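File shown: data_32.txt (compact mmCIF, C-alpha atoms and all ligand atoms).
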```
# COMPACT_ATOMS: atom_id res chain seq x y z
CA MET A 1 0.00 0.00 0.00
CA ALA A 2 1.15 3.47 -0.71
CA GLN A 3 0.09 7.05 -0.89
CA ILE A 4 -0.21 8.65 -4.33
CA VAL A 5 0.44 12.38 -4.59
CA LEU A 6 -0.05 14.62 -7.62
CA ASN A 7 1.60 18.01 -7.31
CA GLY A 8 0.61 20.62 -9.88
CA VAL A 9 0.31 18.01 -12.62
CA ASP A 10 -0.44 19.12 -16.20
CA LYS A 11 -1.08 17.05 -19.29
CA VAL A 12 -0.95 18.72 -22.67
CA TYR A 13 -1.47 16.32 -25.60
CA SER A 14 0.56 16.80 -28.76
CA GLY A 15 -2.42 18.43 -30.53
CA GLY A 16 -2.38 21.12 -27.81
CA VAL A 17 -5.35 19.93 -25.72
CA LYS A 18 -4.73 20.59 -22.02
CA ALA A 19 -6.45 17.50 -20.62
CA VAL A 20 -5.29 17.99 -17.01
CA ASP A 21 -4.59 21.44 -15.61
CA ASN A 22 -2.47 21.93 -12.48
CA LEU A 23 -3.91 18.95 -10.60
CA THR A 24 -2.90 18.70 -6.96
CA LEU A 25 -4.38 15.71 -5.13
CA GLU A 26 -3.19 13.63 -2.20
CA ILE A 27 -4.50 10.07 -2.07
CA LYS A 28 -3.74 8.60 1.32
CA ASP A 29 -2.30 5.19 2.01
CA GLY A 30 -5.22 2.74 1.92
CA GLU A 31 -7.72 5.30 0.65
CA PHE A 32 -10.36 4.63 -2.03
CA MET A 33 -10.36 7.80 -4.16
CA VAL A 34 -12.88 8.25 -6.94
CA LEU A 35 -12.23 10.66 -9.83
CA VAL A 36 -15.60 11.69 -11.21
CA GLY A 37 -16.75 14.08 -13.93
CA PRO A 38 -18.31 14.20 -17.39
CA SER A 39 -16.77 12.60 -20.44
CA GLY A 40 -13.64 14.47 -21.55
CA CYS A 41 -12.89 16.08 -18.16
CA GLY A 42 -9.48 14.39 -17.94
CA LYS A 43 -10.20 11.48 -15.56
CA SER A 44 -8.64 8.77 -17.71
CA THR A 45 -5.68 10.95 -18.53
CA ALA A 46 -5.01 11.50 -14.82
CA LEU A 47 -5.27 7.77 -14.15
CA ARG A 48 -3.04 6.89 -17.10
CA MET A 49 -0.39 9.31 -15.85
CA ILE A 50 -0.44 7.60 -12.44
CA ALA A 51 -0.09 4.27 -14.24
CA GLY A 52 2.81 5.61 -16.32
CA LEU A 53 0.92 5.08 -19.59
CA GLU A 54 1.06 8.82 -20.37
CA ASP A 55 3.94 11.22 -19.82
CA ILE A 56 3.42 14.09 -17.41
CA THR A 57 3.83 17.48 -19.09
CA ALA A 58 4.51 19.37 -15.86
CA GLY A 59 4.39 18.78 -12.12
CA GLU A 60 5.33 15.87 -9.91
CA LEU A 61 3.88 12.45 -9.24
CA VAL A 62 4.78 10.54 -6.08
CA ILE A 63 3.89 6.90 -5.37
CA GLY A 64 4.90 5.72 -1.90
CA ASP A 65 7.89 7.87 -1.06
CA ARG A 66 9.43 8.34 -4.48
CA VAL A 67 8.92 10.64 -7.42
CA VAL A 68 7.91 8.36 -10.30
CA ASN A 69 7.61 10.84 -13.20
CA ASP A 70 10.18 8.91 -15.22
CA LEU A 71 9.57 5.42 -13.86
CA PRO A 72 8.21 2.94 -16.44
CA PRO A 73 4.79 1.36 -15.69
CA LYS A 74 6.19 -2.06 -14.87
CA ASN A 75 8.30 -0.61 -12.05
CA ARG A 76 5.44 1.28 -10.37
CA ASP A 77 3.98 -1.76 -8.57
CA ILE A 78 0.40 -0.87 -9.40
CA ALA A 79 -2.34 -2.94 -11.04
CA MET A 80 -4.87 -1.53 -13.47
CA VAL A 81 -8.40 -2.74 -14.25
CA PHE A 82 -10.11 -1.62 -17.46
CA GLN A 83 -13.74 -1.64 -18.58
CA ASN A 84 -13.02 -4.07 -21.41
CA TYR A 85 -11.47 -6.69 -19.06
CA ALA A 86 -8.43 -7.43 -21.28
CA LEU A 87 -8.47 -11.16 -20.54
CA TYR A 88 -6.51 -13.72 -22.56
CA PRO A 89 -9.17 -15.61 -24.55
CA HIS A 90 -7.12 -18.79 -25.02
CA MET A 91 -6.43 -19.18 -21.28
CA THR A 92 -8.74 -20.50 -18.57
CA VAL A 93 -9.76 -18.27 -15.66
CA GLU A 94 -7.14 -19.96 -13.50
CA GLU A 95 -4.44 -19.36 -16.11
CA ASN A 96 -5.55 -15.75 -16.54
CA LEU A 97 -5.24 -15.20 -12.80
CA ALA A 98 -1.83 -16.86 -12.60
CA PHE A 99 -0.29 -15.36 -15.73
CA GLY A 100 1.03 -12.09 -14.31
CA LEU A 101 2.58 -13.89 -11.34
CA LYS A 102 4.32 -16.49 -13.50
CA LEU A 103 5.69 -13.66 -15.62
CA ARG A 104 7.14 -12.16 -12.46
CA LYS A 105 8.68 -15.49 -11.47
CA VAL A 106 6.60 -15.89 -8.31
CA PRO A 107 7.18 -19.45 -6.95
CA LYS A 108 4.56 -22.01 -8.06
CA ALA A 109 3.20 -22.78 -4.60
CA GLU A 110 2.69 -19.08 -3.90
CA VAL A 111 0.97 -18.56 -7.28
CA LYS A 112 -1.44 -21.37 -6.38
CA GLU A 113 -2.13 -19.88 -2.97
CA ARG A 114 -2.70 -16.33 -4.24
CA VAL A 115 -4.94 -17.50 -7.11
CA ALA A 116 -7.03 -19.59 -4.68
CA LYS A 117 -7.39 -16.65 -2.31
CA ALA A 118 -8.46 -14.22 -5.05
CA ALA A 119 -10.87 -16.78 -6.52
CA ASP A 120 -12.40 -17.22 -3.08
CA MET A 121 -12.76 -13.46 -2.50
CA LEU A 122 -14.42 -12.99 -5.88
CA GLY A 123 -16.54 -16.15 -5.94
CA LEU A 124 -14.69 -17.47 -8.97
CA GLU A 125 -13.97 -21.06 -7.82
CA PRO A 126 -16.72 -22.65 -9.97
CA TYR A 127 -15.32 -21.03 -13.11
CA LEU A 128 -11.57 -21.63 -12.78
CA LYS A 129 -11.44 -24.15 -15.66
CA ARG A 130 -13.60 -22.06 -18.03
CA LYS A 131 -12.33 -19.75 -20.73
CA PRO A 132 -13.50 -16.11 -20.83
CA ALA A 133 -15.90 -16.76 -23.74
CA ALA A 134 -17.93 -19.03 -21.42
CA LEU A 135 -18.35 -16.35 -18.74
CA SER A 136 -20.92 -13.63 -18.26
CA GLY A 137 -19.83 -9.98 -18.34
CA GLY A 138 -19.88 -9.77 -14.56
CA GLN A 139 -17.78 -12.90 -14.21
CA ARG A 140 -15.25 -11.57 -16.72
CA GLN A 141 -14.93 -8.36 -14.75
CA ARG A 142 -14.36 -10.41 -11.58
CA VAL A 143 -11.52 -12.23 -13.35
CA ALA A 144 -10.04 -8.89 -14.41
CA MET A 145 -10.17 -7.74 -10.77
CA GLY A 146 -8.73 -11.07 -9.65
CA ARG A 147 -5.75 -10.53 -11.90
CA ALA A 148 -5.10 -7.22 -10.16
CA ILE A 149 -5.62 -8.67 -6.66
CA VAL A 150 -3.22 -11.61 -7.05
CA ARG A 151 -0.42 -9.17 -7.79
CA GLU A 152 -0.78 -7.65 -4.30
CA PRO A 153 0.29 -4.26 -5.67
CA GLN A 154 0.82 -0.97 -3.85
CA ALA A 155 -2.27 0.44 -5.55
CA PHE A 156 -5.21 -0.40 -7.81
CA LEU A 157 -6.13 1.89 -10.68
CA MET A 158 -9.59 1.28 -12.16
CA ASP A 159 -10.95 2.95 -15.28
CA GLU A 160 -14.77 2.67 -15.49
CA PRO A 161 -14.59 -1.04 -14.63
CA LEU A 162 -18.37 -1.47 -14.27
CA SER A 163 -19.58 0.55 -17.25
CA ASN A 164 -20.08 -2.48 -19.53
CA LEU A 165 -22.30 -4.24 -16.98
CA ASP A 166 -26.06 -4.02 -16.68
CA ALA A 167 -27.63 -2.10 -13.79
CA LYS A 168 -28.22 -5.12 -11.54
CA LEU A 169 -24.66 -6.39 -11.93
CA ARG A 170 -23.27 -2.92 -11.27
CA VAL A 171 -25.04 -2.88 -7.91
CA GLN A 172 -23.61 -6.32 -7.06
CA MET A 173 -20.13 -5.36 -8.17
CA ARG A 174 -20.19 -2.14 -6.15
CA ALA A 175 -20.92 -4.22 -3.07
CA SER A 176 -18.08 -6.60 -3.98
CA LEU A 177 -15.68 -3.70 -4.49
CA ASN A 178 -16.60 -2.22 -1.11
CA GLN A 179 -16.04 -5.58 0.52
CA LEU A 180 -12.71 -6.13 -1.23
CA HIS A 181 -11.52 -2.73 -0.10
CA GLU A 182 -12.56 -3.50 3.49
CA GLU A 183 -10.49 -6.68 3.37
CA LEU A 184 -7.43 -5.49 1.49
CA HIS A 185 -7.24 -1.72 2.21
CA THR A 186 -5.25 -1.28 -0.98
CA THR A 187 -4.90 2.34 -2.11
CA THR A 188 -7.31 2.70 -5.02
CA VAL A 189 -7.93 5.34 -7.68
CA TYR A 190 -11.23 4.71 -9.41
CA VAL A 191 -12.45 6.62 -12.47
CA THR A 192 -16.14 6.91 -13.30
CA HIS A 193 -18.66 9.31 -14.84
CA ASP A 194 -21.37 7.76 -12.63
CA GLN A 195 -22.17 9.85 -9.55
CA VAL A 196 -23.91 7.01 -7.73
CA GLU A 197 -20.85 4.84 -8.19
CA ALA A 198 -18.66 7.68 -6.93
CA MET A 199 -20.77 8.22 -3.83
CA THR A 200 -21.12 4.55 -2.91
CA LEU A 201 -17.49 3.57 -3.48
CA GLY A 202 -15.31 6.50 -2.53
CA ASP A 203 -13.75 7.26 0.83
CA ARG A 204 -13.34 10.59 -0.94
CA VAL A 205 -14.46 11.85 -4.32
CA ALA A 206 -12.50 14.26 -6.54
CA VAL A 207 -14.68 16.16 -9.02
CA LEU A 208 -13.02 17.20 -12.29
CA ARG A 209 -14.32 19.53 -14.99
CA GLU A 210 -12.43 20.43 -18.14
CA GLY A 211 -9.19 19.19 -16.61
CA ILE A 212 -9.57 21.26 -13.46
CA LEU A 213 -10.19 19.88 -9.98
CA GLN A 214 -13.39 21.41 -8.60
CA GLN A 215 -13.77 19.77 -5.21
CA VAL A 216 -12.39 16.88 -3.12
CA ASP A 217 -14.59 15.66 -0.30
CA THR A 218 -16.11 12.65 1.39
CA PRO A 219 -19.39 11.48 -0.17
CA LYS A 220 -21.28 12.88 2.81
CA GLU A 221 -19.71 16.33 2.48
CA LEU A 222 -20.38 16.30 -1.26
CA PHE A 223 -23.98 15.29 -0.69
CA ASP A 224 -24.47 18.08 1.84
CA ASN A 225 -22.66 20.76 -0.28
CA PRO A 226 -23.01 19.77 -3.93
P1 LIG A 301 -12.30 11.43 -19.52
O1 LIG A 301 -11.58 10.21 -19.08
O2 LIG A 301 -12.76 12.29 -18.41
O3 LIG A 301 -13.41 11.13 -20.49
P2 LIG A 301 -9.90 11.98 -21.05
O4 LIG A 301 -8.81 12.01 -20.09
O5 LIG A 301 -10.09 10.73 -21.87
O6 LIG A 301 -11.26 12.34 -20.33
O7 LIG A 301 -9.75 13.19 -22.07
C1 LIG A 301 -9.50 14.53 -21.63
C2 LIG A 301 -9.28 15.40 -22.85
O8 LIG A 301 -8.09 15.02 -23.52
C3 LIG A 301 -10.38 15.33 -23.90
O9 LIG A 301 -10.53 16.60 -24.47
C4 LIG A 301 -9.83 14.34 -24.90
O10 LIG A 301 -10.38 14.57 -26.17
C5 LIG A 301 -8.36 14.64 -24.85
N1 LIG A 301 -7.52 13.45 -25.17
C6 LIG A 301 -7.57 12.25 -24.55
N2 LIG A 301 -6.65 11.40 -25.04
C7 LIG A 301 -6.00 12.10 -26.02
C8 LIG A 301 -4.93 11.78 -26.93
N3 LIG A 301 -4.33 10.58 -26.90
N4 LIG A 301 -4.53 12.75 -27.77
C9 LIG A 301 -5.12 13.96 -27.79
N5 LIG A 301 -6.11 14.33 -26.97
C10 LIG A 301 -6.56 13.41 -26.10
P1 LIG A 302 -24.62 -11.63 -18.98
O1 LIG A 302 -25.25 -11.24 -20.27
O2 LIG A 302 -25.49 -11.48 -17.79
O3 LIG A 302 -23.26 -11.03 -18.78
P2 LIG A 302 -24.58 -14.27 -20.22
O4 LIG A 302 -25.98 -14.21 -20.72
O5 LIG A 302 -23.45 -14.14 -21.17
O6 LIG A 302 -24.36 -13.23 -19.04
O7 LIG A 302 -24.37 -15.63 -19.41
C1 LIG A 302 -25.30 -16.07 -18.42
C2 LIG A 302 -24.76 -17.34 -17.75
O8 LIG A 302 -24.44 -18.34 -18.70
C3 LIG A 302 -23.48 -17.07 -16.98
O9 LIG A 302 -23.56 -17.70 -15.73
C4 LIG A 302 -22.38 -17.68 -17.83
O10 LIG A 302 -21.36 -18.21 -17.03
C5 LIG A 302 -23.10 -18.76 -18.57
N1 LIG A 302 -22.53 -18.91 -19.92
C6 LIG A 302 -22.49 -17.98 -20.89
N2 LIG A 302 -21.91 -18.45 -22.00
C7 LIG A 302 -21.55 -19.73 -21.74
C8 LIG A 302 -20.91 -20.77 -22.48
N3 LIG A 302 -20.50 -20.60 -23.75
N4 LIG A 302 -20.70 -21.93 -21.86
C9 LIG A 302 -21.10 -22.12 -20.61
N5 LIG A 302 -21.71 -21.20 -19.85
C10 LIG A 302 -21.94 -20.02 -20.41
```
Transcribe the structure of this file into structure tokens.
Amino acid sequence: MAQIVLNGVDKVYSGGVKAVDNLTLEIKDGEFMVLVGPSGCGKSTALRMIAGLEDITAGELVIGDRVVNDLPPKNRDIAMVFQNYALYPHMTVEENLAFGLKLRKVPKAEVKERVAKAADMLGLEPYLKRKPAALSGGQRQRVAMGRAIVREPQAFLMDEPLSNLDAKLRVQMRASLNQLHEELHTTTVYVTHDQVEAMTLGDRVAVLREGILQQVDTPKELFDNP
């Protein structure tokens, strides 16, 4: 687990669009921070900069106790979950969960243990031998989350992970995410355009508009002073 600090961070894309404008935000160790705002407000860009998938134009990004502006994604010890799952279609659920650990040369017995634990937390045991094509959308998203969990990273970064699910599944998955966070306390940055999601998931919610941070508050404070 680690704090994530953005200090006066800008992102200007090559076409000249300023997607993120002087963003200063301190995400505490173990905190669940939601970035919310309308499409195009710079949420994904902010998340991708934390992940190291986009360069930072100006400012400073700290993960844990080091400045990571120039650190490649694979050295940031964070795990990302996307809305389109990004599962390997030719691998079973079990193999999908284990893949990242094998790549990192985690010993076999530990891979088995971590995969079993994540499968248990996410209710995936019955599906371990299935391939992604034989899973529902909700089950696929659980596998995608499982792949992040088994890594035991310093932080989770999630980009609209529930937006491809129907309303009923979204409610279920919000409950699962809350429960996972209670158990793991992993620092999480979660991007959504859905205000209900933001209010039910976040320890705090950061509201962005046109690349500018408008407000950072707990859901209760936001509800009382919208
Ligand atoms: P959000 O995630 O809130 O929808 P984004 O971070 O995707 O917003 O986009 C913020 C702004 O940056 C938008 O104006 C978008 O068009 C622009 N943008 C996003 N990605 C790129 C890119 N690769 N090149 C140029 N402009 C981009
Ligand atoms: P949703 O649309 O709710 O995401 P689906 O309609 O795709 O889910 O699937 C409903 C149920 O059927 C799920 O429990 C899923 O595991 C199962 N299922 C879907 N496709 C297959 C398949 N090809 N083989 C076996 N089970 C499947």
* To do: Show me as a PyMOL selection string the residues that reach within 12 Å of (-10.1, -8.2, 3.2), counting all atoms listed in the file and using the file's own coordinates.
  => chain A and resi 117-118+120-122+149+152+176-186
* Name the residues, by chain letter and number, that sit within 8 Å of ligand LIG 302 (chain A) using all atoms listed in the file, and give them as a VMD selection string. => chain A and resid 127 130 133 to 139 165 to 166 169
Can I get the selected residues back with C-alpha atoms, as a compact mmCIF listing (two decimals), in the coordinates of the input?
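Writing done, so here's out.txt:
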```
# COMPACT_ATOMS: atom_id res chain seq x y z
CA TYR A 127 -15.32 -21.03 -13.11
CA ARG A 130 -13.60 -22.06 -18.03
CA ALA A 133 -15.90 -16.76 -23.74
CA ALA A 134 -17.93 -19.03 -21.42
CA LEU A 135 -18.35 -16.35 -18.74
CA SER A 136 -20.92 -13.63 -18.26
CA GLY A 137 -19.83 -9.98 -18.34
CA GLY A 138 -19.88 -9.77 -14.56
CA GLN A 139 -17.78 -12.90 -14.21
CA LEU A 165 -22.30 -4.24 -16.98
CA ASP A 166 -26.06 -4.02 -16.68
CA LEU A 169 -24.66 -6.39 -11.93
```
* Please extract the residues at most 12 Å from ligand LIG 301 (chain A), counting all atoms listed in the file, and provide them as a PyMOL selection string, using the chain letters and residue numbers of this document. => chain A and resi 10-21+35-49+53-55+158-160+190-194+207-213
* In the coordinates of the file, take the point (-8.9, 8.9, -3.1) and a cut-off of 10 Å; then, counting only C-alpha atoms, name each qualifying protein, DNA or RNA residue as number ranges by chain. => A: 3-4, 25-35, 187-190, 202-206, 216-218
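Going from atom CA of A:Ala79 to atom CA of A:Arg147 covers 8.4 Å.
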* Asked: When distances are computed from all atoms listed in the file, which of A:Met1, A:Met199, A:Val143, A:Leu61 shows the smallest separation from A:Met91?
  -> A:Val143
Please, what is the axis-aligned box for every listed atom of stretch 167-174 of chain A with 5 Å on each side, as centre and edge lengths in Å to one decimal, as AutoDock Vina command-line options?
```
--center_x -24.2 --center_y -4.2 --center_z -10.0 --size_x 18.1 --size_y 14.3 --size_z 17.6
```
Can you pull out the residues contacting A:Asp77? Cut-off 8 Å, using only C-alpha atoms, and skip same-chain residues under 4 positions away; I want them as a tab-separated table (two decimals) with C-alpha atoms, keeping the file's coordinate frame.
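Saved result, around-v9.tsv, follows:
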```tsv
chain	number	residue	atom	x	y	z
A	73	PRO	CA	4.79	1.36	-15.69
A	153	PRO	CA	0.29	-4.26	-5.67
A	154	GLN	CA	0.82	-0.97	-3.85
A	155	ALA	CA	-2.27	0.44	-5.55
```
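Interatomic distance, atom CA of A:Pro161 against atom CA of A:Asn22: 26.1 Å.
Of note, atom CA of A:Ala58 and atom CA of A:Asn75 are spaced 20.7 Å apart.
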* Asked: Closest to A:Tyr88 among A:Ala51, A:Val150, A:Leu222, A:Ala144, using all atoms listed in the file?
  ->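 So, comparing all the options, the nearest one is A:Ala144.
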